[in-house]
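Okay, structure.txt now, which holds compact mmCIF, C-alpha atoms (C1' of nucleotides):
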```
# COMPACT_ATOMS: atom_id res chain seq x y z
CA MET P 1 112.39 26.43 89.80
CA PRO P 2 114.15 25.52 93.02
CA ARG P 3 112.19 25.17 96.15
CA THR P 4 112.81 27.38 99.12
CA ILE P 5 114.12 25.53 102.17
CA ALA P 6 112.98 28.19 104.58
CA GLU P 7 110.17 30.56 103.73
CA ARG P 8 110.42 34.24 104.37
CA ALA P 9 107.30 33.88 106.48
CA ASP P 10 109.12 31.33 108.68
CA VAL P 11 111.75 33.78 109.87
CA LEU P 12 109.34 36.64 110.55
CA PRO P 13 108.28 35.35 113.99
CA VAL P 14 111.92 34.86 114.98
CA LEU P 15 112.76 38.38 113.82
CA GLY P 16 109.80 39.70 115.78
CA GLU P 17 110.94 38.12 119.02
CA LEU P 18 114.51 39.36 118.49
CA PHE P 19 113.36 42.94 117.91
CA ARG P 20 111.07 42.70 120.92
CA ARG P 21 113.78 41.41 123.20
CA HIS P 22 116.79 43.41 122.01
CA GLY P 23 115.27 46.38 120.24
CA TYR P 24 116.10 47.33 116.66
CA GLU P 25 119.68 48.45 117.29
CA GLY P 26 120.36 45.62 119.74
CA ALA P 27 119.32 42.91 117.28
CA SER P 28 122.49 42.83 115.19
CA LEU P 29 122.80 40.85 111.99
CA ALA P 30 125.11 38.45 113.80
CA VAL P 31 122.42 37.80 116.42
CA ILE P 32 119.76 37.48 113.73
CA ALA P 33 121.88 35.06 111.70
CA LYS P 34 122.50 32.87 114.73
CA ALA P 35 118.88 32.90 115.90
CA THR P 36 117.44 32.14 112.47
CA GLY P 37 120.17 29.70 111.50
CA LEU P 38 120.58 31.56 108.21
CA GLY P 39 123.70 33.15 106.79
CA LYS P 40 123.78 36.83 106.01
CA GLY P 41 123.47 36.03 102.33
CA SER P 42 120.21 34.16 102.85
CA LEU P 43 118.84 36.95 104.97
CA TYR P 44 119.59 39.41 102.19
CA ASN P 45 117.96 37.02 99.74
CA PHE P 46 114.74 37.24 101.76
CA PHE P 47 115.12 40.91 102.66
CA PRO P 48 117.11 42.75 99.97
CA GLY P 49 116.56 45.96 101.87
CA GLY P 50 118.53 44.64 104.81
CA LYS P 51 117.72 45.12 108.45
CA GLU P 52 115.27 47.94 107.84
CA GLU P 53 113.24 45.75 105.48
CA MET P 54 113.24 43.04 108.13
CA ALA P 55 111.82 45.51 110.63
CA ALA P 56 109.29 46.73 108.07
CA ALA P 57 108.19 43.17 107.32
CA VAL P 58 107.79 42.35 111.00
CA LEU P 59 105.89 45.58 111.50
CA THR P 60 103.56 44.70 108.64
CA ASN P 61 103.03 41.30 110.20
CA VAL P 62 102.09 42.85 113.53
CA GLU P 63 99.85 45.44 111.88
CA GLU P 64 97.96 42.74 110.00
CA TRP P 65 97.46 40.66 113.12
CA PHE P 66 96.07 43.58 115.08
CA GLU P 67 93.98 44.80 112.18
CA THR P 68 92.39 41.38 111.73
CA ASN P 69 92.05 40.29 115.33
CA LEU P 70 91.46 43.56 117.15
CA PHE P 71 90.79 46.68 115.13
CA THR P 72 88.35 45.34 112.54
CA PRO P 73 86.17 43.59 115.14
CA LEU P 74 86.10 46.75 117.26
CA PHE P 75 85.03 48.90 114.32
CA ALA P 76 82.48 46.34 113.16
CA VAL P 77 80.25 46.48 116.24
CA THR P 78 76.82 48.05 115.90
CA ASP P 79 74.76 47.04 118.93
CA ARG P 80 75.53 47.15 122.62
CA VAL P 81 75.79 43.40 123.16
CA GLY P 82 78.19 43.01 120.28
CA ALA P 83 80.28 45.95 121.47
CA VAL P 84 80.68 44.55 124.96
CA ALA P 85 81.62 41.18 123.51
CA ALA P 86 84.15 42.78 121.15
CA VAL P 87 85.83 44.71 123.95
CA ALA P 88 85.93 41.57 126.09
CA ALA P 89 87.42 39.66 123.16
CA MET P 90 90.01 42.40 122.70
CA VAL P 91 91.13 42.12 126.31
CA THR P 92 91.39 38.34 126.02
CA ALA P 93 93.29 38.60 122.74
CA VAL P 94 95.68 41.16 124.22
CA ASP P 95 96.41 38.95 127.20
CA THR P 96 97.09 36.02 124.89
CA TYR P 97 99.14 37.99 122.37
CA PHE P 98 101.41 39.52 124.98
CA ARG P 99 101.73 36.19 126.78
CA SER P 100 100.27 37.59 129.98
CA GLY P 101 102.97 40.23 130.21
CA ARG P 102 105.95 38.12 129.19
CA ARG P 103 106.06 39.54 125.67
CA MET P 104 106.86 43.12 124.74
CA CYS P 105 104.96 45.27 122.25
CA LEU P 106 107.10 45.56 119.13
CA VAL P 107 105.52 48.82 118.03
CA GLY P 108 106.10 50.31 121.47
CA VAL P 109 109.74 49.21 121.41
CA PHE P 110 110.20 50.77 117.98
CA ALA P 111 108.47 53.95 119.14
CA LEU P 112 111.11 54.50 121.82
CA GLY P 113 114.19 53.68 119.76
CA ASP P 114 116.09 55.54 117.08
CA VAL P 115 114.31 53.42 114.47
CA ARG P 116 111.13 55.38 115.20
CA ASP P 117 111.95 57.98 112.55
CA PRO P 118 111.60 55.84 109.38
CA PHE P 119 108.45 54.18 110.76
CA ALA P 120 106.92 57.16 112.54
CA ASP P 121 103.74 57.20 110.44
CA ARG P 122 103.11 53.48 110.79
CA ILE P 123 103.76 53.57 114.53
CA GLN P 124 101.39 56.49 114.84
CA GLY P 125 98.77 54.69 112.76
CA TYR P 126 98.95 51.57 114.90
CA PHE P 127 98.16 53.39 118.13
CA GLN P 128 95.69 55.78 116.52
CA ARG P 129 93.71 52.98 114.97
CA TRP P 130 93.67 51.03 118.22
CA ILE P 131 92.39 54.06 120.13
CA ASP P 132 89.85 54.90 117.42
CA GLY P 133 88.54 51.36 117.23
CA LEU P 134 88.25 51.00 120.99
CA ALA P 135 86.58 54.41 121.30
CA HIS P 136 84.07 53.38 118.64
CA ALA P 137 83.23 50.14 120.43
CA LEU P 138 83.06 51.83 123.85
CA ALA P 139 80.63 54.41 122.50
CA ARG P 140 78.43 51.53 121.34
CA CYS P 141 78.76 50.05 124.82
CA GLY P 142 76.80 53.01 126.11
CA HIS P 143 79.59 55.35 127.16
CA ASP P 144 79.30 58.99 126.31
CA PRO P 145 81.20 59.40 123.00
CA ALA P 146 83.60 62.00 124.42
CA ASP P 147 84.24 59.85 127.48
CA ALA P 148 84.64 56.76 125.28
CA ARG P 149 87.66 58.33 123.61
CA GLY P 150 89.14 59.22 126.97
CA ILE P 151 88.69 55.69 128.24
CA ALA P 152 90.15 54.29 125.02
CA GLU P 153 93.27 56.44 125.38
CA GLU P 154 93.59 55.44 129.00
CA VAL P 155 93.23 51.74 128.21
CA VAL P 156 95.61 51.64 125.24
CA ALA P 157 98.18 53.67 127.15
CA GLY P 158 97.59 51.50 130.20
CA ILE P 159 98.28 48.33 128.24
CA GLN P 160 101.54 49.76 126.90
CA GLY P 161 102.59 50.98 130.30
CA ALA P 162 101.66 47.71 131.95
CA LEU P 163 103.93 45.89 129.50
CA VAL P 164 106.81 48.27 130.19
CA THR P 165 106.30 48.15 133.94
CA ALA P 166 105.90 44.37 133.99
CA ARG P 167 109.18 44.00 132.12
CA ALA P 168 110.93 46.62 134.23
CA THR P 169 109.91 44.97 137.50
CA ASP P 170 110.31 41.47 136.06
CA ASP P 171 106.78 40.78 137.26
CA PRO P 172 104.57 39.60 134.38
CA ALA P 173 101.64 39.17 136.75
CA LEU P 174 101.49 42.95 137.08
CA PHE P 175 100.37 43.09 133.46
CA THR P 176 97.48 40.72 134.13
CA ARG P 177 96.41 42.68 137.20
CA VAL P 178 96.46 46.03 135.41
CA LEU P 179 94.76 44.58 132.34
CA ASP P 180 91.98 43.28 134.59
CA ARG P 181 91.46 46.75 136.03
CA LEU P 182 91.39 48.27 132.55
CA ARG P 183 88.79 45.73 131.46
CA ARG P 184 86.53 46.74 134.33
CA ARG P 185 87.20 50.35 133.40
CA CYS P 186 85.58 49.57 130.05
CA GLY P 187 82.53 48.23 131.85
CA VAL P 188 83.17 44.71 130.60
CA PRO P 189 82.61 41.98 133.21
CA GLU P 190 84.17 38.53 133.77
CA MET J 1 144.61 72.77 141.60
CA PRO J 2 143.18 73.80 138.26
CA ARG J 3 139.60 74.81 138.00
CA THR J 4 137.20 72.74 136.00
CA ILE J 5 135.80 74.51 132.97
CA ALA J 6 132.82 72.24 132.72
CA GLU J 7 131.53 70.34 135.71
CA ARG J 8 130.54 66.74 135.49
CA ALA J 9 127.17 67.82 136.84
CA ASP J 10 126.79 70.19 133.89
CA VAL J 11 126.81 67.44 131.27
CA LEU J 12 124.44 65.11 133.14
CA PRO J 13 121.27 66.86 131.92
CA VAL J 14 122.53 66.80 128.35
CA LEU J 15 123.33 63.10 128.65
CA GLY J 16 119.88 62.51 130.07
CA GLU J 17 118.13 64.15 127.16
CA LEU J 18 120.31 62.25 124.66
CA PHE J 19 119.54 58.90 126.26
CA ARG J 20 115.86 59.80 126.41
CA ARG J 21 115.71 60.78 122.77
CA HIS J 22 117.98 58.19 121.17
CA GLY J 23 118.11 55.38 123.71
CA TYR J 24 121.32 53.98 125.14
CA GLU J 25 122.58 52.32 121.96
CA GLY J 26 121.44 55.20 119.77
CA ALA J 27 123.35 57.81 121.74
CA SER J 28 126.81 57.15 120.30
CA LEU J 29 129.93 58.79 121.68
CA ALA J 30 130.09 60.92 118.54
CA VAL J 31 126.58 62.22 119.21
CA ILE J 32 127.38 62.76 122.88
CA ALA J 33 130.60 64.61 122.06
CA LYS J 34 128.80 66.89 119.64
CA ALA J 35 125.86 67.59 121.95
CA THR J 36 128.01 68.28 125.00
CA GLY J 37 130.69 70.14 123.08
CA LEU J 38 133.29 67.98 124.78
CA GLY J 39 135.90 65.75 123.21
CA LYS J 40 136.11 62.08 123.99
CA GLY J 41 139.06 62.79 126.26
CA SER J 42 137.02 65.13 128.41
CA LEU J 43 134.13 62.70 128.54
CA TYR J 44 136.44 59.94 129.73
CA ASN J 45 137.95 62.34 132.22
CA PHE J 46 134.50 62.85 133.73
CA PHE J 47 133.35 59.27 133.25
CA PRO J 48 136.33 56.88 133.31
CA GLY J 49 133.93 53.97 133.00
CA GLY J 50 132.82 55.19 129.60
CA LYS J 51 129.32 55.14 128.25
CA GLU J 52 128.00 52.76 130.87
CA GLU J 53 129.18 55.06 133.66
CA MET J 54 127.48 57.96 131.91
CA ALA J 55 124.24 56.00 131.89
CA ALA J 56 124.74 55.01 135.52
CA ALA J 57 125.35 58.63 136.52
CA VAL J 58 122.26 59.84 134.69
CA LEU J 59 120.26 57.03 136.27
CA THR J 60 121.48 58.06 139.71
CA ASN J 61 120.49 61.63 138.93
CA VAL J 62 116.99 60.57 137.97
CA GLU J 63 116.66 58.27 140.97
CA GLU J 64 117.63 61.05 143.33
CA TRP J 65 115.18 63.49 141.79
CA PHE J 66 112.30 61.05 142.07
CA GLU J 67 113.32 59.95 145.54
CA THR J 68 113.39 63.53 146.79
CA ASN J 69 110.46 65.00 144.92
CA LEU J 70 108.08 62.06 144.65
CA PHE J 71 108.82 58.93 146.65
CA THR J 72 109.83 60.42 149.99
CA PRO J 73 106.81 62.76 150.15
CA LEU J 74 104.50 59.87 149.27
CA PHE J 75 105.93 57.67 152.02
CA ALA J 76 105.93 60.51 154.54
CA VAL J 77 102.18 61.06 154.61
CA THR J 78 100.29 60.09 157.75
CA ASP J 79 96.86 61.69 157.63
CA ARG J 80 94.26 61.80 154.93
CA VAL J 81 94.59 65.46 154.07
CA GLY J 82 98.32 65.17 153.68
CA ALA J 83 97.98 62.05 151.59
CA VAL J 84 95.58 63.67 149.13
CA ALA J 85 97.88 66.68 148.88
CA ALA J 86 100.93 64.45 148.31
CA VAL J 87 99.22 62.52 145.53
CA ALA J 88 98.07 65.77 143.92
CA ALA J 89 101.62 67.12 144.20
CA MET J 90 102.93 63.95 142.59
CA VAL J 91 100.63 64.36 139.61
CA THR J 92 101.68 67.98 139.21
CA ALA J 93 105.37 67.10 139.54
CA VAL J 94 105.02 64.31 136.98
CA ASP J 95 103.37 66.62 134.48
CA THR J 96 106.13 69.16 134.97
CA TYR J 97 108.97 66.65 134.91
CA PHE J 98 107.83 65.00 131.72
CA ARG J 99 107.11 68.38 130.12
CA SER J 100 103.44 67.54 129.62
CA GLY J 101 104.29 64.51 127.53
CA ARG J 102 107.12 65.95 125.47
CA ARG J 103 109.80 64.22 127.51
CA MET J 104 110.38 60.51 127.71
CA CYS J 105 111.00 58.48 130.88
CA LEU J 106 114.67 57.53 130.92
CA VAL J 107 114.14 54.52 133.14
CA GLY J 108 111.40 53.26 130.87
CA VAL J 109 113.62 53.71 127.83
CA PHE J 110 116.42 51.79 129.54
CA ALA J 111 113.97 49.08 130.60
CA LEU J 112 113.14 48.31 126.97
CA GLY J 113 116.66 48.37 125.54
CA ASP J 114 119.55 45.97 125.69
CA VAL J 115 121.08 48.13 128.42
CA ARG J 116 118.40 46.83 130.79
CA ASP J 117 120.59 43.91 131.88
CA PRO J 118 123.35 45.80 133.76
CA PHE J 119 120.78 48.10 135.40
CA ALA J 120 117.98 45.59 135.92
CA ASP J 121 117.94 45.93 139.70
CA ARG J 122 117.94 49.72 139.67
CA ILE J 123 115.22 49.85 137.02
CA GLN J 124 113.16 47.43 139.07
CA GLY J 125 113.74 49.47 142.22
CA TYR J 126 112.62 52.69 140.57
CA PHE J 127 109.23 51.32 139.55
CA GLN J 128 108.77 49.28 142.69
CA ARG J 129 109.44 52.23 144.94
CA TRP J 130 107.09 54.43 142.95
CA ILE J 131 104.32 51.87 143.19
CA ASP J 132 104.99 51.23 146.88
CA GLY J 133 105.03 54.93 147.75
CA LEU J 134 101.88 55.67 145.81
CA ALA J 135 100.11 52.64 147.31
CA HIS J 136 101.09 53.85 150.78
CA ALA J 137 99.73 57.32 150.15
CA LEU J 138 96.55 56.01 148.50
CA ALA J 139 95.87 53.79 151.50
CA ARG J 140 96.11 56.90 153.69
CA CYS J 141 93.71 58.59 151.30
CA GLY J 142 91.07 56.15 152.44
CA HIS J 143 91.33 53.47 149.78
CA ASP J 144 91.23 49.87 150.85
CA PRO J 145 94.91 48.83 151.19
CA ALA J 146 94.61 46.00 148.66
CA ASP J 147 92.84 48.30 146.21
CA ALA J 148 95.38 51.04 146.84
CA ARG J 149 98.12 48.81 145.48
CA GLY J 150 96.04 48.00 142.43
CA ILE J 151 95.37 51.66 141.76
CA ALA J 152 99.05 52.47 142.26
CA GLU J 153 100.09 49.86 139.71
CA GLU J 154 97.47 51.13 137.29
CA VAL J 155 98.57 54.75 137.70
CA VAL J 156 102.32 54.16 137.41
CA ALA J 157 101.81 51.89 134.42
CA GLY J 158 99.38 54.40 132.97
CA ILE J 159 101.92 57.19 133.23
CA GLN J 160 104.54 55.11 131.47
CA GLY J 161 102.12 54.04 128.78
CA ALA J 162 100.84 57.56 128.29
CA LEU J 163 104.40 58.72 127.67
CA VAL J 164 105.00 55.96 125.14
CA THR J 165 101.67 56.51 123.42
CA ALA J 166 102.08 60.29 123.37
CA ARG J 167 105.47 59.91 121.72
CA ALA J 168 104.26 57.22 119.33
CA THR J 169 101.31 59.31 118.16
CA ASP J 170 103.31 62.54 118.31
CA ASP J 171 100.51 63.94 120.47
CA PRO J 172 101.87 65.24 123.80
CA ALA J 173 98.39 66.39 124.81
CA LEU J 174 97.39 62.73 125.08
CA PHE J 175 99.71 62.46 128.08
CA THR J 176 97.98 65.33 129.83
CA ARG J 177 94.55 63.88 129.14
CA VAL J 178 95.45 60.42 130.44
CA LEU J 179 97.26 61.87 133.44
CA ASP J 180 94.15 63.83 134.31
CA ARG J 181 92.09 60.66 134.23
CA LEU J 182 94.63 58.86 136.42
CA ARG J 183 94.53 61.70 138.93
CA ARG J 184 90.79 61.37 139.24
CA ARG J 185 91.28 57.61 139.57
CA CYS J 186 93.26 58.36 142.71
CA GLY J 187 90.35 60.36 144.07
CA VAL J 188 92.31 63.60 143.92
CA PRO J 189 90.33 66.61 142.69
CA GLU J 190 91.30 69.88 140.96
C1' DC Z 1 155.94 84.82 136.35
C1' DC Z 2 156.13 80.07 136.30
C1' DC Z 3 155.36 75.34 136.39
C1' DA Z 4 152.99 70.97 138.31
C1' DG Z 5 149.11 69.01 137.20
C1' DA Z 6 144.33 68.95 135.70
C1' DT Z 7 141.86 69.33 131.43
C1' DT Z 8 141.34 69.03 126.58
C1' DG Z 9 141.27 67.77 121.42
C1' DT Z 10 142.47 64.35 118.36
C1' DA Z 11 144.78 60.69 116.12
C1' DC Z 12 144.58 56.10 116.60
C1' DC Z 13 143.31 51.19 118.24
C1' DG Z 14 140.75 46.75 117.92
C1' DT Z 15 136.09 45.31 117.39
C1' DT Z 16 131.71 45.06 115.49
C1' DC Z 17 128.39 47.04 112.67
C1' DG Z 18 125.36 46.52 108.26
C1' DG Z 19 126.10 45.09 103.85
C1' DT Z 20 128.38 42.81 99.45
C1' DC Z 21 130.00 39.20 96.56
C1' DA Z 22 131.91 35.29 94.18
C1' DA Z 23 131.94 30.46 94.84
C1' DC Z 24 129.34 26.58 96.07
C1' DT Z 25 125.02 23.68 96.78
C1' DT Z 26 120.50 22.52 95.84
C1' DT Z 27 116.53 22.26 92.97
C1' DG Z 28 113.18 20.77 89.37
C1' DG Z 29 112.13 20.52 84.57
C1' DA Z 30 113.85 18.82 80.05
C1' DT R 1 120.79 12.34 83.91
C1' DC R 2 121.99 16.80 83.37
C1' DC R 3 121.94 21.73 83.59
C1' DA R 4 120.32 26.49 84.17
C1' DA R 5 118.47 28.92 87.71
C1' DA R 6 117.63 29.84 92.40
C1' DG R 7 119.36 29.62 97.08
C1' DT R 8 123.08 29.60 100.42
C1' DT R 9 127.37 30.49 102.52
C1' DG R 10 131.24 32.71 104.82
C1' DA R 11 134.99 35.59 103.82
C1' DC R 12 135.42 40.20 103.05
C1' DC R 13 134.47 45.48 102.85
C1' DG R 14 134.27 50.34 104.45
C1' DA R 15 132.21 52.78 108.17
C1' DA R 16 131.25 53.57 112.73
C1' DC R 17 131.45 51.85 117.21
C1' DG R 18 133.49 52.39 122.18
C1' DG R 19 137.70 53.20 124.07
C1' DT R 20 142.92 54.62 124.62
C1' DA R 21 147.07 57.40 124.35
C1' DC R 22 149.24 61.42 124.29
C1' DA R 23 150.67 65.91 123.14
C1' DA R 24 148.92 70.48 123.59
C1' DT R 25 146.56 73.71 126.47
C1' DC R 26 144.82 75.83 130.36
C1' DT R 27 144.81 76.71 135.48
C1' DG R 28 146.09 78.81 139.89
C1' DG R 29 149.11 78.56 144.04
C1' DG R 30 153.83 79.71 145.04
```

Would you put the structure from the file into structure tokens?
Amino acid sequence: MPRTIAERADVLPVLGELFRRHGYEGASLAVIAKATGLGKGSLYNFFPGGKEEMAAAVLTNVEEWFETNLFTPLFAVTDRVGAVAAVAAMVTAVDTYFRSGRRMCLVGVFALGDVRDPFADRIQGYFQRWIDGLAHALARCGHDPADARGIAEEVVAGIQGALVTARATDDPALFTRVLDRLRRRCGVPE
Amino acid sequence: MPRTIAERADVLPVLGELFRRHGYEGASLAVIAKATGLGKGSLYNFFPGGKEEMAAAVLTNVEEWFETNLFTPLFAVTDRVGAVAAVAAMVTAVDTYFRSGRRMCLVGVFALGDVRDPFADRIQGYFQRWIDGLAHALARCGHDPADARGIAEEVVAGIQGALVTARATDDPALFTRVLDRLRRRCGVPE
DNA sequence: CCCAGATTGTACCGTTCGGTCAACTTTGGA
DNA sequence: TCCAAAGTTGACCGAACGGTACAATCTGGG
């Protein structure tokens, strides 16, 4: 059997950055072909379903990363010390993942575009699971359970909004500043 | 001179809702023609510059509304009582304007799409002026000036994020809940 | 009533879109 | 070494894009 020059997994990060930067509609196949260095034929070899399968694959990639690095740890906490550490780790991971405000949230971008419709359930699940996981951890941090959910909604929404606002004002540092305030809102020091 | 059947001002709200719902790229001329009930000829009679002029006109409309109803009142405050009232009025106006989370922020949608480039300065100005005005009013509310700016960034970003998250989770009530928390963050009761 | 001119619907333009396909290149086992 | 299979390419397709041209229609002052 012939060996694959480029793996499907190799183009996923490139696709992700293109969708982040240009949105789903804005990332045309011509742009994708140029950025990946692959012809349209190769792209359809990797993604027979076309552009929508590319978006689905990238979305799966993002979901897995968040599930592994953020959601699962948040849900796994049992004691107060572990919960505080998990929330602190989440904030650090978020800052790293979004490159301190220089990277956009792919799920958020999809949520605002016309491509939302075919992925509505997955987009909803991403945010819901983030809020649920954070609310669970915050409750273990000692917050009143009802208030924990409110804080979780405020923090997840705040992260999204900080990304949008940082991009809109071309001021990535705004993301870091807001994220720092949200971290303190969770009662997590440092 | 002949009378205009439809005024240019009449189609602006329709254009606004289309851009909000579908984004700039997603709102094709065919969709716009159908939604407004106007042919392409009429649209180009109103907006000789085409789709980009439509977006620019809608953007101007939004800017003016926010300038009149939000930014100017925020900047105008001098005493503490007035400042608290202005911030409270802002929160109320925001909830009304965004239909309690059922309406998207047009500037935020533009900020994330490919159309951001030609409007980058206006998008930046919109958010910057909102943050500046709110920071000014919050300082008059009694907050430490440096902290007032931090709160303002957190609140404006939080509003944006709450809109995105509410749409993503198809849960408009989330917007109202987060907005209520942000209001209390400003130290404004009721 | 009438007509200059503003407004309108629509056929049409070139371009670009996502997607297809047959020819060509590369691959690894026989 | 050779070949069947897998991978790759770029020309090509119909559809839809934004935009233009223009003939038909409506308007209101004279």

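Between CA of Pro172 in chain J and CA of Gly101 in chain J there is a distance of 4.5 Å.
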
10 Å contact set for Val164 in chain J, all atoms listed in the file, chain neighbours under 2 positions out, as a PDB file with C-alpha atoms, in the frame of the given file:
```pdb
ATOM      1  CA  GLY P 108     106.100  50.310 121.470  1.00  0.00           C
ATOM      2  CA  VAL P 109     109.740  49.210 121.410  1.00  0.00           C
ATOM      3  CA  ALA P 111     108.470  53.950 119.140  1.00  0.00           C
ATOM      4  CA  LEU P 112     111.110  54.500 121.820  1.00  0.00           C
ATOM      5  CA  ALA P 157      98.180  53.670 127.150  1.00  0.00           C
ATOM      6  CA  GLN P 160     101.540  49.760 126.900  1.00  0.00           C
ATOM      7  CA  GLY P 161     102.590  50.980 130.300  1.00  0.00           C
ATOM      8  CA  VAL P 164     106.810  48.270 130.190  1.00  0.00           C
TER       9      VAL P 164
ATOM     10  CA  GLY J 101     104.290  64.510 127.530  1.00  0.00           C
ATOM     11  CA  ARG J 103     109.800  64.220 127.510  1.00  0.00           C
ATOM     12  CA  MET J 104     110.380  60.510 127.710  1.00  0.00           C
ATOM     13  CA  CYS J 105     111.000  58.480 130.880  1.00  0.00           C
ATOM     14  CA  GLY J 108     111.400  53.260 130.870  1.00  0.00           C
ATOM     15  CA  VAL J 109     113.620  53.710 127.830  1.00  0.00           C
ATOM     16  CA  GLY J 158      99.380  54.400 132.970  1.00  0.00           C
ATOM     17  CA  ILE J 159     101.920  57.190 133.230  1.00  0.00           C
ATOM     18  CA  GLN J 160     104.540  55.110 131.470  1.00  0.00           C
ATOM     19  CA  GLY J 161     102.120  54.040 128.780  1.00  0.00           C
ATOM     20  CA  ALA J 162     100.840  57.560 128.290  1.00  0.00           C
ATOM     21  CA  ALA J 166     102.080  60.290 123.370  1.00  0.00           C
ATOM     22  CA  ARG J 167     105.470  59.910 121.720  1.00  0.00           C
ATOM     23  CA  ALA J 168     104.260  57.220 119.330  1.00  0.00           C
ATOM     24  CA  THR J 169     101.310  59.310 118.160  1.00  0.00           C
ATOM     25  CA  ASP J 170     103.310  62.540 118.310  1.00  0.00           C
ATOM     26  CA  PRO J 172     101.870  65.240 123.800  1.00  0.00           C
ATOM     27  CA  PHE J 175      99.710  62.460 128.080  1.00  0.00           C
TER      28      PHE J 175
END
```

(message) Please compute the CA of Tyr126 in chain J-CA of Glu63 in chain J distance, one decimal, in Å.
(response) 6.9 Å

(message) Need the shell around range 21-25 of chain J: protein/DNA/RNA residues with any atom at most 8 Å away, counting only C-alpha atoms (C1' of nucleotides). Skip same-chain ones fewer than 5 positions apart. Format as a VMD selection string?
(response) (chain P and resid 25 to 26 112 to 114) or (chain J and resid 55 104 109 to 110 113 to 115)

Grab the residues selected above and save them as a JSON list (two decimals), in the coordinates of the input with C-alpha atoms.
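Below you can see again.json, which holds the result:
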```json
[["chain", "number", "residue", "atom", "x", "y", "z"],
["P", 25, "GLU", "CA", 119.68, 48.45, 117.29],
["P", 26, "GLY", "CA", 120.36, 45.62, 119.74],
["P", 112, "LEU", "CA", 111.11, 54.50, 121.82],
["P", 113, "GLY", "CA", 114.19, 53.68, 119.76],
["P", 114, "ASP", "CA", 116.09, 55.54, 117.08],
["J", 55, "ALA", "CA", 124.24, 56.00, 131.89],
["J", 104, "MET", "CA", 110.38, 60.51, 127.71],
["J", 109, "VAL", "CA", 113.62, 53.71, 127.83],
["J", 110, "PHE", "CA", 116.42, 51.79, 129.54],
["J", 113, "GLY", "CA", 116.66, 48.37, 125.54],
["J", 114, "ASP", "CA", 119.55, 45.97, 125.69],
["J", 115, "VAL", "CA", 121.08, 48.13, 128.42]]
```

(message) Distance limit 9 Å, atoms considered: all atoms listed in the file. Which chain R residues sit that close to chain J? Return them as a count of residues only.
(response) 7

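The list of residues with at least one atom within 12 Å of Thr68 in chain P, based on only C-alpha atoms (C1' of nucleotides) and without residues fewer than 6 positions apart in the same chain, reads P:Asn61, P:Val62, P:Leu74, P:Phe75, P:Ala76, P:Met90, P:Ala93, P:Trp130.
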
(message) Between CA of Gly16 in chain P and CA of Val58 in chain P, what distance in Å does the model show, to one decimal?
(response) 5.8 Å

(request) Measuring atom to atom with all atoms listed in the file, identify which of J:Ala83, J:Ala33, J:Ala120, J:Leu15 is nearest to chain Z. (result) J:Ala33

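Shortest separation to chain J among P:Pro145, P:Thr78, P:Ala137, P:Arg122 occurs at residue P:Arg122, atoms counted being all atoms listed in the file.
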
(message) Only residues of chain Z matter here; which ones have an atom within 8 Å of chain J, counting all atoms listed in the file? Give them as a list in words.
(response) DG5, DA6, DT7, DT8 and DG9 of chain Z

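The smallest atom-to-atom distance between chain J and any of P:Glu190, P:Cys141, P:Leu134, P:Leu18, using only C-alpha atoms, is found for P:Leu18.
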
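Nearest to Gln124 in chain J of all the residues J:Pro13, J:Thr165, J:Cys186, J:Val107 is J:Val107, based on only C-alpha atoms.
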
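Among the candidates J:Phe19, J:Val94, J:Glu52, J:Val87, the one nearest to chain P when counting all atoms listed in the file is J:Phe19.
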
(message) Could you check the closest approach to chain J for each of P:Arg149, P:Met54, P:Gln128, P:His143 and tell me which residue wins, using only C-alpha atoms?
(response) P:Gln128
